[in-house]
Amino acid sequence: MDGIPRLGHGFRFQWEPAQNCHVLLYPEGMIKLNQSAGEILARCNGQRDVTAIVADLEAAFTTSGLRPDVEAFITMAIDKRWLRLDTASA
Amino acid sequence: MNAPVAPAPTVGPPMWLLAEVTYRCPLHCVFCYNPVDFAQHEQELSTDDWLRVLREGRELGAVQCGFSGGEPLLRDDLEILIGEARKLGYYTNLITSGVGLTEARLDAFKAAGLDHIQLSFQDSTKEINDFLTHTRTFDLKQRVGDMLKARGWPMVMNVVIHRLNIEHIGRIIEMADELGAEYLELANTQYYSWALLNRDQLMPSREQLKRAEEITNEWKAKLADRMRILFVVPDYHEGKPKKCMNGWGNVFLTVTPDGTALPCHTARMLPGLCFPNVREHSLRHIWFESEGFNHYRGTGWMKEPCQSCDHKEEDLGGCRCQAYLLAGDPNAADPVCPKSPHHERVLTALENAESLNRQTRPLIFRDPKESWRLIQEAETTAPSD
């Protein structure tokens, strides 16, 4: 998977103390995110590409082999329009 | 009395703070859900009051903030309130008819960080006719729609459906598409407040409703790539009580123009309940401690047939206001439920809608003069203490 994931139109990502989790807000709704979803989306800031996101997560959690899980999540999130993927090679 | 007390339900944070910032409105919709006695509740909160309410709501954990009314554009401080709400971390939603909306005002909302706008069609007769005949209202909505899109907001439309416009539903959808709407909610009238006064005139027949849903489904398929259409079925026709407000005191905290806090925007009508005012209490107290918010939480308040019903957790007995309006008892089962001993009243209203030679009186339009008339009427018919 190539490209730079960024939040879908109309979605906002933030930490919610009252929910004790990261959430995605959108018109009239809220999705509560589990920890790994929150960690991935926190890195989808429109600047890192998928490779950089995977590297950053692996460094933060001193682990390796996260790429398949991250790609699976990003694919699902694109399908749900939480994310869009900019693939234009600049 | 030694009735067994059901365990108190666990109370989580509200998700929504609904700020009904004013009851003032340039329109006179016959289906308006504002209270019929709105004219005596027009002492509006100040800007500072609202800023405090927004902060307290956010501290409670509310994430969605809706600005509605009346017509919220009539508050000069709306951009200040939106800006503060956005800064506090709310997802901010504005529900407006678009009447009076200017480029400059929209720029101010954009700068304030407004996330979302829902444009509604708030007039049942004249406006829909104007709209259908491509005149003034269509131009207004088109202008507003273009202004929204130019600033990166999606075009989201809401149209209240009733007997007077249901035959035009295909044309309404077609024109929403011409306006570039990405989301269209076709909401069948719910019969409270002004809509209840006008129920005989507004309720469609079963055949009209069935046809409207078919036409909507055809358009849904046709426009699937560019418009999402939601058809909200009325609970009278469905014969199924709805889980009102997704549970009393569960998701929504409404603050009305005069500061009264309500679990639902029509709950003020319920007798025997005292609803707190944000001028006197914090939102935390209101949400967790007040009698008004605790009274119908969970299922402990129920009587038969709800108490022993298998569906009681699903629908929570339906709508308390509808129970009061139709059964005269806010603790009764919602009469739209076939198990309700008062279900016949719903059936009678439905039967009446089938009849072609209905006796109908003129529509009652929502305006302050009518509101005062209705207040006086209620006072003269109320039993004296």
# chains A, B, ... in the order shown; residues from 1 in each chain; ligands from 1

call {"tool": "select_by_dssp", "arguments": {"residues": "chain A", "states": "strand (DSSP E or B)", "output": "list of chain:residue names"}}
result
A:Ile4, A:Pro5, A:Arg6, A:Leu7, A:Arg12, A:Phe13, A:Gln14, A:Trp15, A:Glu16, A:Cys21, A:His22, A:Val23, A:Leu24, A:Leu25, A:Tyr26, A:Gly29, A:Met30, A:Ile31, A:Lys32, A:Leu83, A:Arg84, A:Leu85, A:Asp86

call {"tool": "write_last_selection", "arguments": {"atoms": "N, CA, C and O atoms", "output": "PDB file, in the first residue's frame"}}
result
ATOM      1  N   ILE A   4      -0.427   8.560   1.177  1.00  0.00           N
ATOM      2  CA  ILE A   4      -0.508   9.283   2.447  1.00  0.00           C
ATOM      3  C   ILE A   4      -1.955   9.289   2.931  1.00  0.00           C
ATOM      4  O   ILE A   4      -2.802   9.939   2.318  1.00  0.00           O
ATOM      5  N   PRO A   5      -2.249   8.554   4.006  1.00  0.00           N
ATOM      6  CA  PRO A   5      -3.628   8.587   4.513  1.00  0.00           C
ATOM      7  C   PRO A   5      -3.898   9.875   5.285  1.00  0.00           C
ATOM      8  O   PRO A   5      -3.044  10.335   6.042  1.00  0.00           O
ATOM      9  N   ARG A   6      -5.067  10.425   5.035  1.00  0.00           N
ATOM     10  CA  ARG A   6      -5.498  11.584   5.833  1.00  0.00           C
ATOM     11  C   ARG A   6      -6.972  11.408   6.194  1.00  0.00           C
ATOM     12  O   ARG A   6      -7.668  10.614   5.562  1.00  0.00           O
ATOM     13  N   LEU A   7      -7.420  12.157   7.173  1.00  0.00           N
ATOM     14  CA  LEU A   7      -8.801  11.991   7.640  1.00  0.00           C
ATOM     15  C   LEU A   7      -9.801  12.307   6.534  1.00  0.00           C
ATOM     16  O   LEU A   7      -9.584  13.226   5.745  1.00  0.00           O
ATOM     17  N   ARG A  12     -13.432  14.252  12.433  1.00  0.00           N
ATOM     18  CA  ARG A  12     -12.442  14.830  13.341  1.00  0.00           C
ATOM     19  C   ARG A  12     -12.013  13.766  14.337  1.00  0.00           C
ATOM     20  O   ARG A  12     -12.833  13.000  14.826  1.00  0.00           O
ATOM     21  N   PHE A  13     -10.715  13.747  14.602  1.00  0.00           N
ATOM     22  CA  PHE A  13     -10.120  12.745  15.481  1.00  0.00           C
ATOM     23  C   PHE A  13      -9.645  13.443  16.746  1.00  0.00           C
ATOM     24  O   PHE A  13      -8.966  14.459  16.667  1.00  0.00           O
ATOM     25  N   GLN A  14     -10.034  12.940  17.902  1.00  0.00           N
ATOM     26  CA  GLN A  14      -9.515  13.551  19.129  1.00  0.00           C
ATOM     27  C   GLN A  14      -9.600  12.594  20.316  1.00  0.00           C
ATOM     28  O   GLN A  14     -10.312  11.593  20.289  1.00  0.00           O
ATOM     29  N   TRP A  15      -8.860  12.942  21.350  1.00  0.00           N
ATOM     30  CA  TRP A  15      -8.902  12.194  22.603  1.00  0.00           C
ATOM     31  C   TRP A  15     -10.065  12.694  23.434  1.00  0.00           C
ATOM     32  O   TRP A  15     -10.266  13.898  23.561  1.00  0.00           O
ATOM     33  N   GLU A  16     -10.875  11.773  23.973  1.00  0.00           N
ATOM     34  CA  GLU A  16     -12.008  12.158  24.806  1.00  0.00           C
ATOM     35  C   GLU A  16     -11.811  11.655  26.233  1.00  0.00           C
ATOM     36  O   GLU A  16     -11.979  10.463  26.489  1.00  0.00           O
ATOM     37  N   CYS A  21     -10.883   7.298  25.661  1.00  0.00           N
ATOM     38  CA  CYS A  21     -10.381   6.721  24.405  1.00  0.00           C
ATOM     39  C   CYS A  21     -10.340   7.798  23.322  1.00  0.00           C
ATOM     40  O   CYS A  21     -10.885   8.890  23.502  1.00  0.00           O
ATOM     41  N   HIS A  22      -9.644   7.455  22.230  1.00  0.00           N
ATOM     42  CA  HIS A  22      -9.717   8.326  21.057  1.00  0.00           C
ATOM     43  C   HIS A  22     -11.070   8.112  20.379  1.00  0.00           C
ATOM     44  O   HIS A  22     -11.621   7.011  20.418  1.00  0.00           O
ATOM     45  N   VAL A  23     -11.569   9.163  19.755  1.00  0.00           N
ATOM     46  CA  VAL A  23     -12.838   9.038  19.037  1.00  0.00           C
ATOM     47  C   VAL A  23     -12.724   9.699  17.667  1.00  0.00           C
ATOM     48  O   VAL A  23     -11.844  10.531  17.435  1.00  0.00           O
ATOM     49  N   LEU A  24     -13.605   9.294  16.776  1.00  0.00           N
ATOM     50  CA  LEU A  24     -13.811   9.999  15.512  1.00  0.00           C
ATOM     51  C   LEU A  24     -15.175  10.661  15.595  1.00  0.00           C
ATOM     52  O   LEU A  24     -16.174   9.994  15.874  1.00  0.00           O
ATOM     53  N   LEU A  25     -15.196  11.956  15.369  1.00  0.00           N
ATOM     54  CA  LEU A  25     -16.468  12.670  15.344  1.00  0.00           C
ATOM     55  C   LEU A  25     -16.831  12.979  13.901  1.00  0.00           C
ATOM     56  O   LEU A  25     -15.958  13.245  13.080  1.00  0.00           O
ATOM     57  N   TYR A  26     -18.114  12.921  13.615  1.00  0.00           N
ATOM     58  CA  TYR A  26     -18.611  13.252  12.282  1.00  0.00           C
ATOM     59  C   TYR A  26     -20.016  13.809  12.471  1.00  0.00           C
ATOM     60  O   TYR A  26     -20.529  13.800  13.598  1.00  0.00           O
ATOM     61  N   GLY A  29     -22.552  12.179  14.953  1.00  0.00           N
ATOM     62  CA  GLY A  29     -22.162  10.888  15.492  1.00  0.00           C
ATOM     63  C   GLY A  29     -20.752  10.848  16.054  1.00  0.00           C
ATOM     64  O   GLY A  29     -19.976  11.801  15.939  1.00  0.00           O
ATOM     65  N   MET A  30     -20.439   9.723  16.674  1.00  0.00           N
ATOM     66  CA  MET A  30     -19.131   9.510  17.283  1.00  0.00           C
ATOM     67  C   MET A  30     -18.782   8.029  17.223  1.00  0.00           C
ATOM     68  O   MET A  30     -19.620   7.171  17.499  1.00  0.00           O
ATOM     69  N   ILE A  31     -17.549   7.727  16.843  1.00  0.00           N
ATOM     70  CA  ILE A  31     -17.060   6.357  16.871  1.00  0.00           C
ATOM     71  C   ILE A  31     -15.977   6.282  17.937  1.00  0.00           C
ATOM     72  O   ILE A  31     -15.015   7.047  17.909  1.00  0.00           O
ATOM     73  N   LYS A  32     -16.158   5.361  18.889  1.00  0.00           N
ATOM     74  CA  LYS A  32     -15.123   5.159  19.912  1.00  0.00           C
ATOM     75  C   LYS A  32     -14.089   4.192  19.343  1.00  0.00           C
ATOM     76  O   LYS A  32     -14.443   3.162  18.777  1.00  0.00           O
ATOM     77  N   LEU A  83     -10.891   7.546   6.419  1.00  0.00           N
ATOM     78  CA  LEU A  83      -9.628   7.997   5.826  1.00  0.00           C
ATOM     79  C   LEU A  83      -9.760   8.058   4.320  1.00  0.00           C
ATOM     80  O   LEU A  83     -10.578   7.361   3.728  1.00  0.00           O
ATOM     81  N   ARG A  84      -8.960   8.932   3.715  1.00  0.00           N
ATOM     82  CA  ARG A  84      -8.764   8.821   2.263  1.00  0.00           C
ATOM     83  C   ARG A  84      -7.262   8.747   2.028  1.00  0.00           C
ATOM     84  O   ARG A  84      -6.458   9.188   2.861  1.00  0.00           O
ATOM     85  N   LEU A  85      -6.903   8.184   0.904  1.00  0.00           N
ATOM     86  CA  LEU A  85      -5.491   7.924   0.639  1.00  0.00           C
ATOM     87  C   LEU A  85      -5.051   8.773  -0.544  1.00  0.00           C
ATOM     88  O   LEU A  85      -5.595   8.653  -1.636  1.00  0.00           O
ATOM     89  N   ASP A  86      -4.092   9.673  -0.294  1.00  0.00           N
ATOM     90  CA  ASP A  86      -3.535  10.450  -1.406  1.00  0.00           C
ATOM     91  C   ASP A  86      -2.409   9.650  -2.020  1.00  0.00           C
ATOM     92  O   ASP A  86      -1.405   9.362  -1.362  1.00  0.00           O
TER      93      ASP A  86
END

call {"tool": "closest_atom_pairs", "arguments": {"of": "chain B", "to": "chain A", "cutoff": "12 Å", "atoms": "only C-alpha atoms", "output": "JSON lines"}}
result
{"residue": "B:Gly12", "atom": "CA", "partner": "A:Ala18", "partner_atom": "CA", "distance": 8.9}
{"residue": "B:Pro13", "atom": "CA", "partner": "A:Ala18", "partner_atom": "CA", "distance": 7.2}
{"residue": "B:Pro14", "atom": "CA", "partner": "A:Ala18", "partner_atom": "CA", "distance": 9.9}
{"residue": "B:Met15", "atom": "CA", "partner": "A:Met30", "partner_atom": "CA", "distance": 8.5}
{"residue": "B:Trp16", "atom": "CA", "partner": "A:Glu28", "partner_atom": "CA", "distance": 8.5}
{"residue": "B:Leu17", "atom": "CA", "partner": "A:Glu28", "partner_atom": "CA", "distance": 11.0}
{"residue": "B:Leu18", "atom": "CA", "partner": "A:Glu28", "partner_atom": "CA", "distance": 11.2}
{"residue": "B:Gly57", "atom": "CA", "partner": "A:Ala18", "partner_atom": "CA", "distance": 11.3}
{"residue": "B:Arg58", "atom": "CA", "partner": "A:Ala18", "partner_atom": "CA", "distance": 9.3}
{"residue": "B:Glu59", "atom": "CA", "partner": "A:Ala18", "partner_atom": "CA", "distance": 8.2}
{"residue": "B:Leu60", "atom": "CA", "partner": "A:Ala18", "partner_atom": "CA", "distance": 7.3}
{"residue": "B:Gly61", "atom": "CA", "partner": "A:Ala18", "partner_atom": "CA", "distance": 5.0}
{"residue": "B:Ala62", "atom": "CA", "partner": "A:Ala18", "partner_atom": "CA", "distance": 8.4}
{"residue": "B:Val63", "atom": "CA", "partner": "A:Leu25", "partner_atom": "CA", "distance": 7.8}
{"residue": "B:Gln64", "atom": "CA", "partner": "A:Glu28", "partner_atom": "CA", "distance": 6.6}
{"residue": "B:Cys65", "atom": "CA", "partner": "A:Glu28", "partner_atom": "CA", "distance": 8.7}
{"residue": "B:Gly66", "atom": "CA", "partner": "A:Glu28", "partner_atom": "CA", "distance": 8.6}
{"residue": "B:Arg86", "atom": "CA", "partner": "A:Arg12", "partner_atom": "CA", "distance": 11.3}
{"residue": "B:Leu88", "atom": "CA", "partner": "A:Glu16", "partner_atom": "CA", "distance": 11.5}
{"residue": "B:Gly89", "atom": "CA", "partner": "A:Gln14", "partner_atom": "CA", "distance": 8.3}
{"residue": "B:Tyr90", "atom": "CA", "partner": "A:Leu25", "partner_atom": "CA", "distance": 8.8}
{"residue": "B:Tyr91", "atom": "CA", "partner": "A:Leu25", "partner_atom": "CA", "distance": 6.6}
{"residue": "B:Thr92", "atom": "CA", "partner": "A:Pro27", "partner_atom": "CA", "distance": 8.2}
{"residue": "B:Asn93", "atom": "CA", "partner": "A:Pro27", "partner_atom": "CA", "distance": 7.2}
{"residue": "B:Leu94", "atom": "CA", "partner": "A:Pro27", "partner_atom": "CA", "distance": 10.3}
{"residue": "B:Ile95", "atom": "CA", "partner": "A:Glu28", "partner_atom": "CA", "distance": 11.5}
{"residue": "B:Gly113", "atom": "CA", "partner": "A:Gly10", "partner_atom": "CA", "distance": 11.9}
{"residue": "B:Leu114", "atom": "CA", "partner": "A:Gly10", "partner_atom": "CA", "distance": 10.8}
{"residue": "B:Asp115", "atom": "CA", "partner": "A:Gly10", "partner_atom": "CA", "distance": 7.2}
{"residue": "B:His116", "atom": "CA", "partner": "A:Pro27", "partner_atom": "CA", "distance": 6.5}
{"residue": "B:Ile117", "atom": "CA", "partner": "A:Pro27", "partner_atom": "CA", "distance": 8.9}
{"residue": "B:Gln118", "atom": "CA", "partner": "A:Pro27", "partner_atom": "CA", "distance": 9.6}
{"residue": "B:Gly152", "atom": "CA", "partner": "A:His9", "partner_atom": "CA", "distance": 9.2}
{"residue": "B:Trp153", "atom": "CA", "partner": "A:Gly10", "partner_atom": "CA", "distance": 8.3}
{"residue": "B:Pro154", "atom": "CA", "partner": "A:Gly10", "partner_atom": "CA", "distance": 8.4}
{"residue": "B:Met155", "atom": "CA", "partner": "A:Gly10", "partner_atom": "CA", "distance": 11.8}
{"residue": "B:Val156", "atom": "CA", "partner": "A:Pro27", "partner_atom": "CA", "distance": 10.1}
{"residue": "B:Tyr183", "atom": "CA", "partner": "A:Pro27", "partner_atom": "CA", "distance": 11.2}
{"residue": "B:Val251", "atom": "CA", "partner": "A:Gly29", "partner_atom": "CA", "distance": 11.0}
{"residue": "B:Phe252", "atom": "CA", "partner": "A:Glu28", "partner_atom": "CA", "distance": 11.4}

call {"tool": "closest_residue", "arguments": {"among": "B:Ser97, B:Asp258, B:Pro263, B:Trp287", "to": "Gln40 in chain B", "atoms": "only C-alpha atoms"}}
result
B:Asp258

call {"tool": "atom_distance", "arguments": {"atom1": "CA of Val99 in chain B", "atom2": "CA of Gly69 in chain B"}}
result
12.9 Å

call {"tool": "select_by_dssp", "arguments": {"residues": "chain A", "states": "helix (DSSP H, G or I)", "output": "PyMOL selection string"}}
result
chain A and resi 35-43+50-60+67-79

call {"tool": "residues_around", "arguments": {"residues": "range 51-57 of chain A", "least_positions_apart": "2", "cutoff": "7 Å", "atoms": "only C-alpha atoms", "output": "PDB file with all heavy atoms, in the first residue's frame"}}
result
ATOM      1  N   ARG A  43      -1.510   8.908  13.836  1.00  0.00           N
ATOM      2  CA  ARG A  43      -0.363   9.118  12.952  1.00  0.00           C
ATOM      3  C   ARG A  43      -0.770   9.436  11.521  1.00  0.00           C
ATOM      4  O   ARG A  43       0.078   9.709  10.681  1.00  0.00           O
ATOM      5  CB  ARG A  43       0.546   7.881  13.015  1.00  0.00           C
ATOM      6  CG  ARG A  43       1.283   7.808  14.354  1.00  0.00           C
ATOM      7  CD  ARG A  43       1.903   6.446  14.625  1.00  0.00           C
ATOM      8  NE  ARG A  43       2.715   6.491  15.845  1.00  0.00           N
ATOM      9  CZ  ARG A  43       2.208   6.433  17.085  1.00  0.00           C
ATOM     10  NH1 ARG A  43       0.909   6.305  17.260  1.00  0.00           N
ATOM     11  NH2 ARG A  43       3.012   6.485  18.138  1.00  0.00           N
ATOM     12  N   ARG A  48       2.592  11.750   6.878  1.00  0.00           N
ATOM     13  CA  ARG A  48       3.327  10.483   6.803  1.00  0.00           C
ATOM     14  C   ARG A  48       2.692   9.549   5.767  1.00  0.00           C
ATOM     15  O   ARG A  48       1.465   9.454   5.700  1.00  0.00           O
ATOM     16  CB  ARG A  48       3.273   9.766   8.145  1.00  0.00           C
ATOM     17  CG  ARG A  48       3.973  10.463   9.281  1.00  0.00           C
ATOM     18  CD  ARG A  48       3.973   9.529  10.509  1.00  0.00           C
ATOM     19  NE  ARG A  48       4.554  10.183  11.672  1.00  0.00           N
ATOM     20  CZ  ARG A  48       3.841  10.856  12.562  1.00  0.00           C
ATOM     21  NH1 ARG A  48       2.538  10.961  12.434  1.00  0.00           N
ATOM     22  NH2 ARG A  48       4.436  11.427  13.595  1.00  0.00           N
ATOM     23  N   ASP A  49       3.503   8.836   5.021  1.00  0.00           N
ATOM     24  CA  ASP A  49       2.936   7.782   4.190  1.00  0.00           C
ATOM     25  C   ASP A  49       2.836   6.504   5.017  1.00  0.00           C
ATOM     26  O   ASP A  49       3.245   6.469   6.194  1.00  0.00           O
ATOM     27  CB  ASP A  49       3.723   7.584   2.885  1.00  0.00           C
ATOM     28  CG  ASP A  49       5.157   7.126   3.134  1.00  0.00           C
ATOM     29  OD1 ASP A  49       5.477   6.755   4.294  1.00  0.00           O
ATOM     30  OD2 ASP A  49       5.953   7.145   2.181  1.00  0.00           O
ATOM     31  N   ALA A  59       8.556   1.733  16.169  1.00  0.00           N
ATOM     32  CA  ALA A  59       9.520   2.374  17.076  1.00  0.00           C
ATOM     33  C   ALA A  59       8.867   2.670  18.418  1.00  0.00           C
ATOM     34  O   ALA A  59       9.445   2.402  19.478  1.00  0.00           O
ATOM     35  CB  ALA A  59      10.071   3.648  16.434  1.00  0.00           C
ATOM     36  N   ALA A  60       7.633   3.192  18.379  1.00  0.00           N
ATOM     37  CA  ALA A  60       6.961   3.591  19.616  1.00  0.00           C
ATOM     38  C   ALA A  60       6.687   2.389  20.516  1.00  0.00           C
ATOM     39  O   ALA A  60       6.717   2.498  21.741  1.00  0.00           O
ATOM     40  CB  ALA A  60       5.651   4.313  19.286  1.00  0.00           C
ATOM     41  N   PHE A  61       6.402   1.238  19.905  1.00  0.00           N
ATOM     42  CA  PHE A  61       6.050   0.071  20.707  1.00  0.00           C
ATOM     43  C   PHE A  61       7.137  -1.004  20.675  1.00  0.00           C
ATOM     44  O   PHE A  61       6.883  -2.166  21.030  1.00  0.00           O
ATOM     45  CB  PHE A  61       4.693  -0.484  20.248  1.00  0.00           C
ATOM     46  CG  PHE A  61       3.567   0.478  20.510  1.00  0.00           C
ATOM     47  CD1 PHE A  61       3.155   1.370  19.522  1.00  0.00           C
ATOM     48  CD2 PHE A  61       2.957   0.541  21.753  1.00  0.00           C
ATOM     49  CE1 PHE A  61       2.142   2.288  19.773  1.00  0.00           C
ATOM     50  CE2 PHE A  61       1.939   1.441  22.005  1.00  0.00           C
ATOM     51  CZ  PHE A  61       1.529   2.325  21.004  1.00  0.00           C
ATOM     52  N   LEU A  66       4.367  -4.988  12.006  1.00  0.00           N
ATOM     53  CA  LEU A  66       3.020  -4.422  12.154  1.00  0.00           C
ATOM     54  C   LEU A  66       2.348  -4.113  10.821  1.00  0.00           C
ATOM     55  O   LEU A  66       1.145  -3.873  10.779  1.00  0.00           O
ATOM     56  CB  LEU A  66       3.080  -3.131  12.987  1.00  0.00           C
ATOM     57  CG  LEU A  66       3.437  -3.267  14.467  1.00  0.00           C
ATOM     58  CD1 LEU A  66       3.387  -1.911  15.154  1.00  0.00           C
ATOM     59  CD2 LEU A  66       2.488  -4.246  15.167  1.00  0.00           C
ATOM     60  N   ARG A  67       3.134  -4.110   9.738  1.00  0.00           N
ATOM     61  CA  ARG A  67       2.605  -3.620   8.461  1.00  0.00           C
ATOM     62  C   ARG A  67       1.266  -4.275   8.040  1.00  0.00           C
ATOM     63  O   ARG A  67       0.330  -3.550   7.680  1.00  0.00           O
ATOM     64  CB  ARG A  67       3.651  -3.769   7.350  1.00  0.00           C
ATOM     65  CG  ARG A  67       3.187  -3.111   6.060  1.00  0.00           C
ATOM     66  CD  ARG A  67       4.310  -2.787   5.088  1.00  0.00           C
ATOM     67  NE  ARG A  67       3.723  -1.967   4.033  1.00  0.00           N
ATOM     68  CZ  ARG A  67       4.052  -0.715   3.788  1.00  0.00           C
ATOM     69  NH1 ARG A  67       4.978  -0.118   4.506  1.00  0.00           N
ATOM     70  NH2 ARG A  67       3.468  -0.047   2.820  1.00  0.00           N
ATOM     71  N   VAL A  70      -1.599  -2.841  10.105  1.00  0.00           N
ATOM     72  CA  VAL A  70      -1.821  -1.420   9.828  1.00  0.00           C
ATOM     73  C   VAL A  70      -2.520  -1.264   8.476  1.00  0.00           C
ATOM     74  O   VAL A  70      -3.497  -0.516   8.344  1.00  0.00           O
ATOM     75  CB  VAL A  70      -0.490  -0.633   9.853  1.00  0.00           C
ATOM     76  CG1 VAL A  70      -0.707   0.808   9.400  1.00  0.00           C
ATOM     77  CG2 VAL A  70       0.112  -0.655  11.257  1.00  0.00           C
TER      78      VAL A  70
END

call {"tool": "residues_around", "arguments": {"residues": "Val11 in chain B", "least_positions_apart": "4", "cutoff": "9 Å", "atoms": "only C-alpha atoms", "output": "NGL selection string"}}
result
:B and (249-250 or 287-288 or 297)

call {"tool": "write_last_selection", "arguments": {"atoms": "all heavy atoms", "output": "PDB file, in the first residue's frame"}}
result
ATOM      1  N   GLY B 249     -32.636  10.992  29.070  1.00  0.00           N
ATOM      2  CA  GLY B 249     -31.439  11.350  29.840  1.00  0.00           C
ATOM      3  C   GLY B 249     -30.266  10.437  29.546  1.00  0.00           C
ATOM      4  O   GLY B 249     -29.455  10.138  30.421  1.00  0.00           O
ATOM      5  N   ASN B 250     -30.180   9.979  28.299  1.00  0.00           N
ATOM      6  CA  ASN B 250     -29.140   9.020  27.938  1.00  0.00           C
ATOM      7  C   ASN B 250     -28.135   9.604  26.953  1.00  0.00           C
ATOM      8  O   ASN B 250     -26.936   9.377  27.074  1.00  0.00           O
ATOM      9  CB  ASN B 250     -29.813   7.766  27.344  1.00  0.00           C
ATOM     10  CG  ASN B 250     -28.827   6.661  27.079  1.00  0.00           C
ATOM     11  OD1 ASN B 250     -27.908   6.445  27.876  1.00  0.00           O
ATOM     12  ND2 ASN B 250     -28.981   5.981  25.973  1.00  0.00           N
ATOM     13  N   TRP B 287     -27.757  17.023  34.864  1.00  0.00           N
ATOM     14  CA  TRP B 287     -27.675  15.720  34.186  1.00  0.00           C
ATOM     15  C   TRP B 287     -27.749  14.555  35.163  1.00  0.00           C
ATOM     16  O   TRP B 287     -28.450  13.579  34.946  1.00  0.00           O
ATOM     17  CB  TRP B 287     -26.390  15.659  33.356  1.00  0.00           C
ATOM     18  CG  TRP B 287     -26.242  14.394  32.564  1.00  0.00           C
ATOM     19  CD1 TRP B 287     -25.393  13.346  32.838  1.00  0.00           C
ATOM     20  CD2 TRP B 287     -26.948  14.026  31.375  1.00  0.00           C
ATOM     21  NE1 TRP B 287     -25.526  12.365  31.893  1.00  0.00           N
ATOM     22  CE2 TRP B 287     -26.474  12.748  30.984  1.00  0.00           C
ATOM     23  CE3 TRP B 287     -27.940  14.639  30.598  1.00  0.00           C
ATOM     24  CZ2 TRP B 287     -26.962  12.081  29.852  1.00  0.00           C
ATOM     25  CZ3 TRP B 287     -28.417  13.980  29.477  1.00  0.00           C
ATOM     26  CH2 TRP B 287     -27.923  12.713  29.110  1.00  0.00           C
ATOM     27  N   PHE B 288     -27.004  14.668  36.275  1.00  0.00           N
ATOM     28  CA  PHE B 288     -26.911  13.518  37.185  1.00  0.00           C
ATOM     29  C   PHE B 288     -27.916  13.544  38.338  1.00  0.00           C
ATOM     30  O   PHE B 288     -28.347  12.498  38.794  1.00  0.00           O
ATOM     31  CB  PHE B 288     -25.497  13.414  37.769  1.00  0.00           C
ATOM     32  CG  PHE B 288     -24.475  12.953  36.765  1.00  0.00           C
ATOM     33  CD1 PHE B 288     -23.535  13.842  36.255  1.00  0.00           C
ATOM     34  CD2 PHE B 288     -24.464  11.639  36.322  1.00  0.00           C
ATOM     35  CE1 PHE B 288     -22.593  13.412  35.328  1.00  0.00           C
ATOM     36  CE2 PHE B 288     -23.531  11.212  35.390  1.00  0.00           C
ATOM     37  CZ  PHE B 288     -22.592  12.100  34.892  1.00  0.00           C
ATOM     38  N   ARG B 297     -35.502   7.696  33.480  1.00  0.00           N
ATOM     39  CA  ARG B 297     -34.334   6.895  33.093  1.00  0.00           C
ATOM     40  C   ARG B 297     -34.623   5.421  33.356  1.00  0.00           C
ATOM     41  O   ARG B 297     -35.254   5.077  34.348  1.00  0.00           O
ATOM     42  CB  ARG B 297     -33.101   7.318  33.885  1.00  0.00           C
ATOM     43  CG  ARG B 297     -32.390   8.526  33.288  1.00  0.00           C
ATOM     44  CD  ARG B 297     -31.015   8.750  33.905  1.00  0.00           C
ATOM     45  NE  ARG B 297     -30.314   9.776  33.145  1.00  0.00           N
ATOM     46  CZ  ARG B 297     -29.819  10.901  33.677  1.00  0.00           C
ATOM     47  NH1 ARG B 297     -29.940  11.133  34.973  1.00  0.00           N
ATOM     48  NH2 ARG B 297     -29.202  11.774  32.895  1.00  0.00           N
TER      49      ARG B 297
END
